[in-house]
>>> print(open('input_11.json').read())   # JSON, C-alpha atoms and all ligand atoms
[["chain", "number", "residue", "atom", "x", "y", "z"],
["A", 1, "MET", "CA", -16.69, 12.11, -0.85],
["A", 2, "GLY", "CA", -13.60, 9.98, -1.33],
["A", 3, "LEU", "CA", -9.94, 10.54, -0.83],
["A", 4, "VAL", "CA", -9.44, 8.29, -3.85],
["A", 5, "GLU", "CA", -12.18, 7.59, -6.39],
["A", 6, "VAL", "CA", -11.72, 4.89, -8.96],
["A", 7, "ALA", "CA", -13.73, 3.51, -11.89],
["A", 8, "GLY", "CA", -12.56, 1.16, -14.60],
["A", 9, "LEU", "CA", -9.00, 0.93, -13.31],
["A", 10, "ALA", "CA", -6.96, -1.92, -14.77],
["A", 11, "ARG", "CA", -3.43, -3.21, -15.15],
["A", 12, "ARG", "CA", -2.57, -5.95, -17.61],
["A", 13, "TRP", "CA", 0.36, -8.32, -17.26],
["A", 14, "ARG", "CA", 1.50, -10.60, -20.09],
["A", 15, "ALA", "CA", 3.33, -13.83, -19.45],
["A", 16, "GLU", "CA", 3.82, -16.86, -21.69],
["A", 17, "GLY", "CA", 1.48, -15.49, -24.36],
["A", 18, "ARG", "CA", -1.47, -14.94, -22.03],
["A", 19, "ASP", "CA", -2.86, -11.77, -20.49],
["A", 20, "TYR", "CA", -3.56, -11.47, -16.79],
["A", 21, "THR", "CA", -5.62, -8.39, -15.97],
["A", 22, "VAL", "CA", -6.21, -6.96, -12.50],
["A", 23, "ALA", "CA", -9.17, -4.57, -12.45],
["A", 24, "VAL", "CA", -11.45, -2.57, -10.18],
["A", 25, "GLU", "CA", -14.83, -1.52, -11.56],
["A", 26, "ARG", "CA", -15.66, 1.03, -8.89],
["A", 27, "LEU", "CA", -14.05, 1.97, -5.58],
["A", 28, "THR", "CA", -14.14, 4.93, -3.24],
["A", 29, "VAL", "CA", -11.61, 5.08, -0.43],
["A", 30, "ALA", "CA", -12.73, 7.72, 2.06],
["A", 31, "PRO", "CA", -10.68, 9.29, 4.87],
["A", 32, "GLY", "CA", -10.92, 7.01, 7.91],
["A", 33, "ASP", "CA", -11.84, 3.93, 5.86],
["A", 34, "CYS", "CA", -10.20, 0.64, 6.70],
["A", 35, "ILE", "CA", -10.43, -1.76, 3.77],
["A", 36, "ALA", "CA", -9.07, -5.30, 3.56],
["A", 37, "LEU", "CA", -7.95, -6.64, 0.22],
["A", 38, "THR", "CA", -8.33, -10.38, 0.14],
["A", 39, "GLY", "CA", -7.95, -13.26, -2.28],
["A", 40, "PRO", "CA", -5.62, -16.15, -3.00],
["A", 41, "SER", "CA", -1.93, -15.83, -3.76],
["A", 42, "GLY", "CA", -1.26, -14.47, -7.25],
["A", 43, "VAL", "CA", -4.74, -13.03, -7.78],
["A", 44, "GLY", "CA", -3.62, -9.40, -7.93],
["A", 45, "LYS", "CA", -3.58, -7.85, -4.45],
["A", 46, "SER", "CA", -0.06, -6.40, -4.79],
["A", 47, "THR", "CA", -0.90, -5.09, -8.25],
["A", 48, "LEU", "CA", -3.93, -3.25, -6.90],
["A", 49, "ILE", "CA", -1.95, -1.87, -3.92],
["A", 50, "ASP", "CA", 0.76, -0.64, -6.33],
["A", 51, "LEU", "CA", -1.88, 1.07, -8.50],
["A", 52, "LEU", "CA", -3.37, 2.83, -5.45],
["A", 53, "ALA", "CA", 0.15, 3.74, -4.26],
["A", 54, "LEU", "CA", 0.73, 5.60, -7.57],
["A", 55, "ALA", "CA", 3.71, 3.28, -8.03],
["A", 56, "LEU", "CA", 2.38, 1.36, -11.03],
["A", 57, "ALA", "CA", 0.96, 2.86, -14.24],
["A", 58, "PRO", "CA", -2.56, 1.66, -15.08],
["A", 59, "ASP", "CA", -3.37, 0.45, -18.62],
["A", 60, "ALA", "CA", -6.91, 1.76, -18.26],
["A", 61, "ALA", "CA", -8.43, 4.32, -15.89],
["A", 62, "GLU", "CA", -11.87, 5.74, -16.69],
["A", 63, "ARG", "CA", -11.71, 7.64, -13.43],
["A", 64, "PHE", "CA", -8.80, 7.85, -10.97],
["A", 65, "VAL", "CA", -9.07, 10.92, -8.79],
["A", 66, "LEU", "CA", -7.38, 12.04, -5.58],
["A", 67, "ARG", "CA", -9.18, 14.65, -3.45],
["A", 68, "ILE", "CA", -7.02, 16.70, -1.11],
["A", 69, "GLY", "CA", -7.45, 20.16, 0.34],
["A", 70, "GLY", "CA", -10.64, 20.78, -1.63],
["A", 71, "GLU", "CA", -8.86, 19.95, -4.88],
["A", 72, "ALA", "CA", -9.63, 17.01, -7.20],
["A", 73, "ILE", "CA", -6.45, 15.77, -8.87],
["A", 74, "ASP", "CA", -6.94, 13.72, -12.03],
["A", 75, "LEU", "CA", -4.41, 10.91, -11.54],
["A", 76, "ALA", "CA", -5.45, 9.20, -14.80],
["A", 77, "ALA", "CA", -4.52, 12.36, -16.73],
["A", 78, "LEU", "CA", -1.18, 12.60, -14.92],
["A", 79, "TRP", "CA", -0.34, 9.00, -15.86],
["A", 80, "ARG", "CA", -1.24, 9.76, -19.49],
["A", 81, "ARG", "CA", 0.93, 12.90, -19.56],
["A", 82, "GLY", "CA", 4.30, 11.08, -19.47],
["A", 83, "GLY", "CA", 7.44, 12.53, -17.80],
["A", 84, "ARG", "CA", 5.97, 15.70, -16.25],
["A", 85, "GLY", "CA", 2.91, 13.79, -15.08],
["A", 86, "ARG", "CA", 5.09, 11.12, -13.51],
["A", 87, "ALA", "CA", 7.12, 13.72, -11.63],
["A", 88, "ALA", "CA", 3.88, 15.14, -10.23],
["A", 89, "LEU", "CA", 2.73, 11.62, -9.28],
["A", 90, "ALA", "CA", 6.03, 10.97, -7.49],
["A", 91, "ALA", "CA", 5.63, 14.20, -5.51],
["A", 92, "LEU", "CA", 2.06, 13.27, -4.58],
["A", 93, "ARG", "CA", 3.15, 9.78, -3.60],
["A", 94, "ALA", "CA", 5.83, 11.22, -1.28],
["A", 95, "ARG", "CA", 3.29, 13.52, 0.37],
["A", 96, "ILE", "CA", 0.16, 11.42, 0.61],
["A", 97, "VAL", "CA", 1.04, 7.73, 0.52],
["A", 98, "GLY", "CA", 2.49, 5.52, 3.24],
["A", 99, "TYR", "CA", 3.41, 2.18, 1.73],
["A", 100, "VAL", "CA", 4.42, -1.04, 3.44],
["A", 101, "PRO", "CA", 5.66, -3.26, 0.60],
["A", 102, "GLN", "CA", 5.55, -7.03, 0.86],
["A", 103, "ALA", "CA", 9.35, -7.34, 0.70],
["A", 104, "GLY", "CA", 10.24, -4.48, 3.05],
["A", 105, "GLY", "CA", 12.13, -2.41, 0.48],
["A", 106, "LEU", "CA", 14.55, -0.84, 2.99],
["A", 107, "LEU", "CA", 17.64, 1.04, 1.78],
["A", 108, "PRO", "CA", 20.67, -1.09, 2.74],
["A", 109, "TYR", "CA", 23.07, 1.85, 3.22],
["A", 110, "LEU", "CA", 20.84, 3.68, 5.73],
["A", 111, "ASP", "CA", 20.50, 2.61, 9.35],
["A", 112, "VAL", "CA", 17.06, 1.86, 10.81],
["A", 113, "GLU", "CA", 16.56, 5.45, 11.97],
["A", 114, "GLY", "CA", 17.52, 6.77, 8.50],
["A", 115, "ASN", "CA", 15.16, 4.32, 6.83],
["A", 116, "ILE", "CA", 12.25, 5.32, 9.05],
["A", 117, "ALA", "CA", 13.01, 9.03, 8.56],
["A", 118, "LEU", "CA", 13.19, 8.63, 4.77],
["A", 119, "THR", "CA", 9.51, 9.35, 4.17],
["A", 120, "GLN", "CA", 9.83, 12.46, 6.34],
["A", 121, "ARG", "CA", 12.81, 13.63, 4.26],
["A", 122, "LEU", "CA", 11.03, 12.98, 0.96],
["A", 123, "SER", "CA", 7.90, 14.81, 2.10],
["A", 124, "GLY", "CA", 9.79, 17.65, 3.83],
["A", 125, "ARG", "CA", 8.27, 16.83, 7.24],
["A", 126, "PRO", "CA", 11.11, 15.96, 9.65],
["A", 127, "ASP", "CA", 9.94, 14.77, 13.08],
["A", 128, "ARG", "CA", 12.58, 12.86, 15.04],
["A", 129, "ALA", "CA", 10.31, 12.41, 18.07],
["A", 130, "LEU", "CA", 7.76, 10.58, 15.90],
["A", 131, "VAL", "CA", 10.50, 8.33, 14.46],
["A", 132, "ARG", "CA", 11.47, 7.32, 17.98],
["A", 133, "GLU", "CA", 7.88, 6.92, 19.15],
["A", 134, "LEU", "CA", 7.03, 4.64, 16.21],
["A", 135, "ALA", "CA", 10.22, 2.62, 16.77],
["A", 136, "ARG", "CA", 9.29, 2.21, 20.44],
["A", 137, "ARG", "CA", 5.74, 1.09, 19.63],
["A", 138, "LEU", "CA", 6.98, -1.39, 17.03],
["A", 139, "ASP", "CA", 9.59, -2.73, 19.47],
["A", 140, "ILE", "CA", 12.56, -1.74, 17.30],
["A", 141, "GLY", "CA", 13.72, 1.17, 19.48],
["A", 142, "ASP", "CA", 17.01, -0.54, 20.29],
["A", 143, "LEU", "CA", 17.77, -1.22, 16.60],
["A", 144, "LEU", "CA", 17.88, 2.39, 15.38],
["A", 145, "ALA", "CA", 21.63, 2.37, 14.63],
["A", 146, "ARG", "CA", 21.60, -1.02, 12.85],
["A", 147, "LYS", "CA", 21.67, -1.59, 9.07],
["A", 148, "PRO", "CA", 18.82, -3.63, 7.50],
["A", 149, "ALA", "CA", 21.19, -6.49, 6.56],
["A", 150, "THR", "CA", 21.70, -7.23, 10.27],
["A", 151, "LEU", "CA", 17.97, -7.56, 11.01],
["A", 152, "SER", "CA", 15.58, -10.48, 10.87],
["A", 153, "VAL", "CA", 12.85, -10.47, 8.20],
["A", 154, "GLY", "CA", 10.22, -9.62, 10.81],
["A", 155, "GLN", "CA", 12.32, -6.77, 12.22],
["A", 156, "ARG", "CA", 12.78, -5.37, 8.70],
["A", 157, "GLN", "CA", 9.06, -5.51, 8.16],
["A", 158, "ARG", "CA", 8.47, -3.51, 11.36],
["A", 159, "VAL", "CA", 10.99, -0.89, 10.15],
["A", 160, "ALA", "CA", 9.08, -0.69, 6.85],
["A", 161, "ILE", "CA", 5.86, -0.13, 8.81],
["A", 162, "ALA", "CA", 7.41, 2.66, 10.90],
["A", 163, "ARG", "CA", 8.72, 4.26, 7.69],
["A", 164, "ALA", "CA", 5.26, 4.12, 6.11],
["A", 165, "LEU", "CA", 3.73, 5.92, 9.12],
["A", 166, "ALA", "CA", 6.51, 8.46, 9.83],
["A", 167, "HIS", "CA", 5.27, 11.25, 7.53],
["A", 168, "ARG", "CA", 1.63, 10.90, 8.66],
["A", 169, "PRO", "CA", 0.25, 9.81, 5.26],
["A", 170, "LEU", "CA", -3.39, 10.29, 4.27],
["A", 171, "LEU", "CA", -3.45, 6.97, 2.43],
["A", 172, "LEU", "CA", -1.78, 4.05, 4.15],
["A", 173, "LEU", "CA", -1.27, 0.93, 2.02],
["A", 174, "ALA", "CA", 0.08, -2.29, 3.47],
["A", 175, "ASP", "CA", 0.87, -5.44, 1.52],
["A", 176, "GLU", "CA", 0.78, -8.48, 3.82],
["A", 177, "PRO", "CA", 2.23, -6.49, 6.75],
["A", 178, "THR", "CA", 2.00, -9.43, 9.16],
["A", 179, "ALA", "CA", 3.38, -12.13, 6.86],
["A", 180, "SER", "CA", 6.79, -12.43, 8.56],
["A", 181, "VAL", "CA", 6.00, -11.88, 12.22],
["A", 182, "ASP", "CA", 4.73, -14.03, 15.07],
["A", 183, "PRO", "CA", 1.00, -13.99, 15.97],
["A", 184, "VAL", "CA", 1.42, -11.63, 18.97],
["A", 185, "ARG", "CA", 3.36, -9.12, 16.87],
["A", 186, "ALA", "CA", 0.88, -9.56, 14.01],
["A", 187, "ALA", "CA", -1.97, -8.42, 16.24],
["A", 188, "ALA", "CA", 0.12, -5.47, 17.53],
["A", 189, "ILE", "CA", 1.07, -4.43, 14.01],
["A", 190, "LEU", "CA", -2.52, -4.49, 12.76],
["A", 191, "ASP", "CA", -3.55, -2.50, 15.87],
["A", 192, "LEU", "CA", -0.84, 0.07, 15.18],
["A", 193, "LEU", "CA", -1.78, 0.39, 11.50],
["A", 194, "ILE", "CA", -5.49, 0.73, 12.28],
["A", 195, "GLU", "CA", -4.94, 3.15, 15.22],
["A", 196, "SER", "CA", -2.40, 5.29, 13.35],
["A", 197, "ALA", "CA", -4.68, 5.58, 10.33],
["A", 198, "ALA", "CA", -7.67, 6.43, 12.54],
["A", 199, "ALA", "CA", -5.71, 9.00, 14.59],
["A", 200, "ALA", "CA", -4.54, 10.76, 11.43],
["A", 201, "GLY", "CA", -7.93, 10.52, 9.70],
["A", 202, "ALA", "CA", -6.11, 8.50, 7.05],
["A", 203, "ALA", "CA", -7.53, 5.72, 4.94],
["A", 204, "LEU", "CA", -6.01, 2.26, 5.32],
["A", 205, "VAL", "CA", -6.02, -0.43, 2.63],
["A", 206, "VAL", "CA", -4.41, -3.65, 3.74],
["A", 207, "ALA", "CA", -3.81, -6.80, 1.70],
["A", 208, "SER", "CA", -3.84, -9.79, 3.96],
["A", 209, "HIS", "CA", -4.44, -13.51, 4.10],
["A", 210, "ASP", "CA", -4.89, -13.01, 7.83],
["A", 211, "LEU", "CA", -8.62, -12.36, 7.73],
["A", 212, "ASP", "CA", -9.35, -13.88, 11.14],
["A", 213, "ARG", "CA", -7.18, -11.23, 12.70],
["A", 214, "LEU", "CA", -8.70, -8.45, 10.59],
["A", 215, "ASP", "CA", -12.34, -9.38, 10.95],
["A", 216, "GLY", "CA", -14.28, -7.08, 13.24],
["A", 217, "ARG", "CA", -11.67, -4.33, 12.85],
["A", 218, "ILE", "CA", -12.18, -3.46, 9.20],
["A", 219, "GLY", "CA", -14.87, -1.39, 7.57],
["A", 220, "GLY", "CA", -14.99, -3.17, 4.25],
["A", 221, "ARG", "CA", -13.53, -5.88, 2.10],
["A", 222, "LEU", "CA", -12.50, -6.04, -1.52],
["A", 223, "VAL", "CA", -12.59, -9.50, -3.03],
["A", 224, "PRO", "CA", -11.75, -10.66, -6.54],
["A", 225, "THR", "CA", -13.92, -12.47, -9.07],
["A", 226, "VAL", "CA", -11.73, -14.32, -11.55],
["A", 227, "VAL", "CA", -12.85, -15.12, -15.09],
["A", 228, "ALA", "CA", -10.66, -16.96, -17.60],
["A", 229, "ASP", "CA", -11.24, -17.31, -21.35],
["A", 230, "ALA", "CA", -9.17, -17.87, -24.50],
["A", 231, "GLU", "CA", -7.71, -14.35, -24.32],
["A", 232, "GLY", "CA", -6.48, -14.63, -20.77],
["A", 233, "THR", "CA", -7.58, -14.18, -17.18],
["A", 234, "ARG", "CA", -9.30, -11.20, -15.57],
["A", 235, "ALA", "CA", -9.47, -10.66, -11.80],
["A", 236, "VAL", "CA", -11.99, -7.96, -10.94],
["A", 237, "PHE", "CA", -12.01, -6.66, -7.36],
["A", 238, "HIS", "CA", -15.31, -5.53, -5.88],
["A", 239, "PRO", "CA", -16.62, -4.61, -2.43],
["A", 240, "CYS", "CA", -18.32, -7.34, -0.39],
["A", 301, "LIG", "N1", 5.98, -8.06, -13.60],
["A", 301, "LIG", "C1", 5.08, -8.98, -13.91],
["A", 301, "LIG", "N2", 5.10, -9.59, -15.12],
["A", 301, "LIG", "C2", 4.19, -10.51, -15.47],
["A", 301, "LIG", "N3", 3.20, -10.92, -14.65],
["A", 301, "LIG", "C3", 3.13, -10.38, -13.43],
["A", 301, "LIG", "C4", 4.06, -9.38, -12.99],
["A", 301, "LIG", "N4", 3.72, -9.01, -11.73],
["A", 301, "LIG", "C5", 2.64, -9.75, -11.39],
["A", 301, "LIG", "N5", 2.28, -10.55, -12.41],
["A", 301, "LIG", "C6", 1.16, -11.50, -12.41],
["A", 301, "LIG", "O1", 0.00, -10.81, -11.97],
["A", 301, "LIG", "C7", -0.77, -11.63, -11.10],
["A", 301, "LIG", "C8", -1.05, -10.87, -9.81],
["A", 301, "LIG", "O2", 0.18, -10.76, -9.08],
["A", 301, "LIG", "P1", 0.18, -10.04, -7.66],
["A", 301, "LIG", "O3", 1.59, -10.02, -7.18],
["A", 301, "LIG", "O4", -0.52, -8.74, -7.78],
["A", 301, "LIG", "O5", -0.70, -11.07, -6.80],
["A", 301, "LIG", "P2", -0.96, -11.15, -5.22],
["A", 301, "LIG", "O6", -2.42, -11.40, -5.04],
["A", 301, "LIG", "O7", -0.40, -9.95, -4.54],
["A", 301, "LIG", "O8", -0.12, -12.44, -4.81],
["A", 301, "LIG", "P3", 0.56, -12.83, -3.38],
["A", 301, "LIG", "O9", -0.57, -12.93, -2.38],
["A", 301, "LIG", "O10", 1.20, -14.15, -3.68],
["A", 301, "LIG", "O11", 1.55, -11.74, -3.07],
["A", 301, "LIG", "C9", 0.01, -12.91, -10.89],
["A", 301, "LIG", "O12", -0.63, -13.94, -11.61],
["A", 301, "LIG", "C10", 1.40, -12.63, -11.41],
["A", 301, "LIG", "O13", 1.97, -13.76, -12.03]]
>>> encode(input="input_11.json", output="structure tokens", more="lines below")
Ligand SMILES: Nc1ncnc2c1ncn2[C@@H]1O[C@H](COP(=O)(O)OP(=O)(O)OP(=O)(O)O)[C@@H](O)[C@H]1O
Amino acid sequence: MGLVEVAGLARRWRAEGRDYTVAVERLTVAPGDCIALTGPSGVGKSTLIDLLALALAPDAAERFVLRIGGEAIDLAALWRRGGRGRAALAALRARIVGYVPQAGGLLPYLDVEGNIALTQRLSGRPDRALVRELARRLDIGDLLARKPATLSVGQRQRVAIARALAHRPLLLLADEPTASVDPVRAAAILDLLIESAAAAGAALVVASHDLDRLDGRIGGRLVPTVVADAEGTRAVFHPC
């Protein structure tokens, strides 16, 4: 049984009079899974990660279910419900999802420690020792009092990774988490993501161009098939 079960999930973008649709026909993400999302730039990896992160409303969702604590939560119905549904989705996102966005997304007015602890605050699970442990493992332990503006892009990305792990999420989503770091750090970051997800029994979905580094350490891959016609372009992700 899956943590997240998806069928017919799609998001449509419209630009310059043409539709671009990102879709998944069928996907089950089970606890402990480690899935790589691959494909060329612009194909739809971030869109799919945002859909799974409950951060982006789908245009279609035949089935979009989250199973936690013996309960099946109908995410598609929550998206359809409007304001109250969105509030419930935000609460679920805070509790369940750890998200490493492509651009870091740190809050500029919080120091590194405050940024890492943010997911713990939002989910009501403070754990200062874990904040410090993650910072140590990501080699940002001496930056805890600094503001994001004073950090390098790679350092910011490591803070974003610590923040995504700090509340022990069940679903860990990472969008190009190694894009701004050197090869040694890239390997360490992927190790940390994979180990942390495994230790927590969480599922990990990671979008990456860095397949060489991921190969052998992932349980499955999602790749897109792209079809274009007069109406627009459709990128459908499927397991391979
Ligand atoms: N807000 C938006 N408005 C219009 N089109 C968008 C929007 N966001 C994304 N798109 C389009 O959707 C497609 C998928 O974008 P997405 O960012 O998901 O791709 P990606 O695979 O993550 O790319 P990259 O690897 O470069 O980050 C792109 O063609 C993009 O132009």
>>> residues_around(input="input_11.json", residues="Ala76 of chain A", least_positions_apart="2", cutoff="10 Å", atoms="all atoms listed in the file", output="PyMOL selection string")
chain A and resi 6+9+57-66+73-74+78-81+85
>>> closest_atom_pairs(input="input_11.json", of="chain A", to="ligand LIG 301 (chain A)", cutoff="6 Å", atoms="all atoms listed in the file", output="tab-separated table")
residue	atom	partner	partner_atom	distance
A:Trp13	CA	A:LIG301	N3	4.7
A:Arg14	CA	A:LIG301	C2	5.3
A:Ala15	CA	A:LIG301	C2	5.3
A:Ser41	CA	A:LIG301	O9	3.5
A:Gly42	CA	A:LIG301	O8	3.4
A:Val43	CA	A:LIG301	O6	3.9
A:Gly44	CA	A:LIG301	O4	3.2
A:Lys45	CA	A:LIG301	O6	3.8
A:Ser46	CA	A:LIG301	O7	3.6
A:Thr47	CA	A:LIG301	O4	3.7
>>> residues_around(input="input_11.json", residues="Glu231 of chain A", least_positions_apart="5", cutoff="10 Å", atoms="all atoms listed in the file", output="list in words")
Gly17, Arg18, Asp19 and Tyr20 of chain A
>>> write_last_selection(input="input_11.json", atoms="C-alpha atoms", output="tab-separated table (two decimals), keeping the file's coordinate frame")
chain	number	residue	atom	x	y	z
A	17	GLY	CA	1.48	-15.49	-24.36
A	18	ARG	CA	-1.47	-14.94	-22.03
A	19	ASP	CA	-2.86	-11.77	-20.49
A	20	TYR	CA	-3.56	-11.47	-16.79
>>> closest_residue(input="input_11.json", among="A:Arg86, A:Val227, A:Gly39, A:Arg221", to="Pro239 of chain A", atoms="all atoms listed in the file")
A:Arg221
>>> closest_residue(input="input_11.json", among="A:Arg234, A:Arg168, A:Arg163, A:Arg26", to="Leu106 of chain A", atoms="all atoms listed in the file")
A:Arg163
>>> closest_residue(input="input_11.json", among="A:Gly124, A:Gly104, A:Pro183, A:Gly232", to="Val22 of chain A", atoms="all atoms listed in the file")
A:Gly232
>>> atom_distance(input="input_11.json", atom1="atom CA of Ile68 of chain A", atom2="atom CA of Glu195 of chain A")
21.3 Å
>>> atom_distance(input="input_11.json", atom1="atom CA of Ile96 of chain A", atom2="atom CA of Leu170 of chain A")
5.2 Å
>>> closest_residue(input="input_11.json", among="A:Leu92, A:Val153, A:Pro126, A:Ala30", to="Leu204 of chain A", atoms="all atoms listed in the file")
A:Ala30
>>> residues_near_point(input="input_11.json", point="(-3.0, 5.2, 3.2)", cutoff="8 Å", atoms="only C-alpha atoms", output="list in words")
Ile96, Val97, Gly98, Tyr99, Pro169, Leu170, Leu171, Leu172, Leu173, Ala197, Ala202, Ala203, Leu204 and Val205 of chain A
>>> axis_aligned_box(input="input_11.json", around="segment 134-151 of chain A", padding_each_side="6 Å", output="JSON")
{"center_x": 13.7, "center_y": -1.5, "center_z": 13.5, "size_x": 28.0, "size_y": 24.2, "size_z": 25.9}
>>> closest_residue(input="input_11.json", among="A:Ala10, A:Leu3, A:Val159, A:Leu192", to="Phe237 of chain A", atoms="all atoms listed in the file")
A:Ala10
>>> residues_around(input="input_11.json", residues="Asp175 of chain A", least_positions_apart="2", cutoff="8 Å", atoms="only C-alpha atoms", output="list in words")
Lys45, Ser46, Ile49, Val100, Pro101, Gln102, Leu173, Pro177, Val206, Ala207 and Ser208 of chain A
>>> closest_residue(input="input_11.json", among="A:His167, A:Arg128, A:Ala87, A:Gly220", to="Leu54 of chain A", atoms="only C-alpha atoms")
A:Ala87
>>> residues_around(input="input_11.json", residues="Asp142 of chain A", least_positions_apart="5", cutoff="10 Å", atoms="all atoms listed in the file", output="list in words")
Val112, Arg132, Ala135 and Arg136 of chain A
>>> atom_distance(input="input_11.json", atom1="atom CA of Val24 of chain A", atom2="atom CA of Ala90 of chain A")
22.3 Å
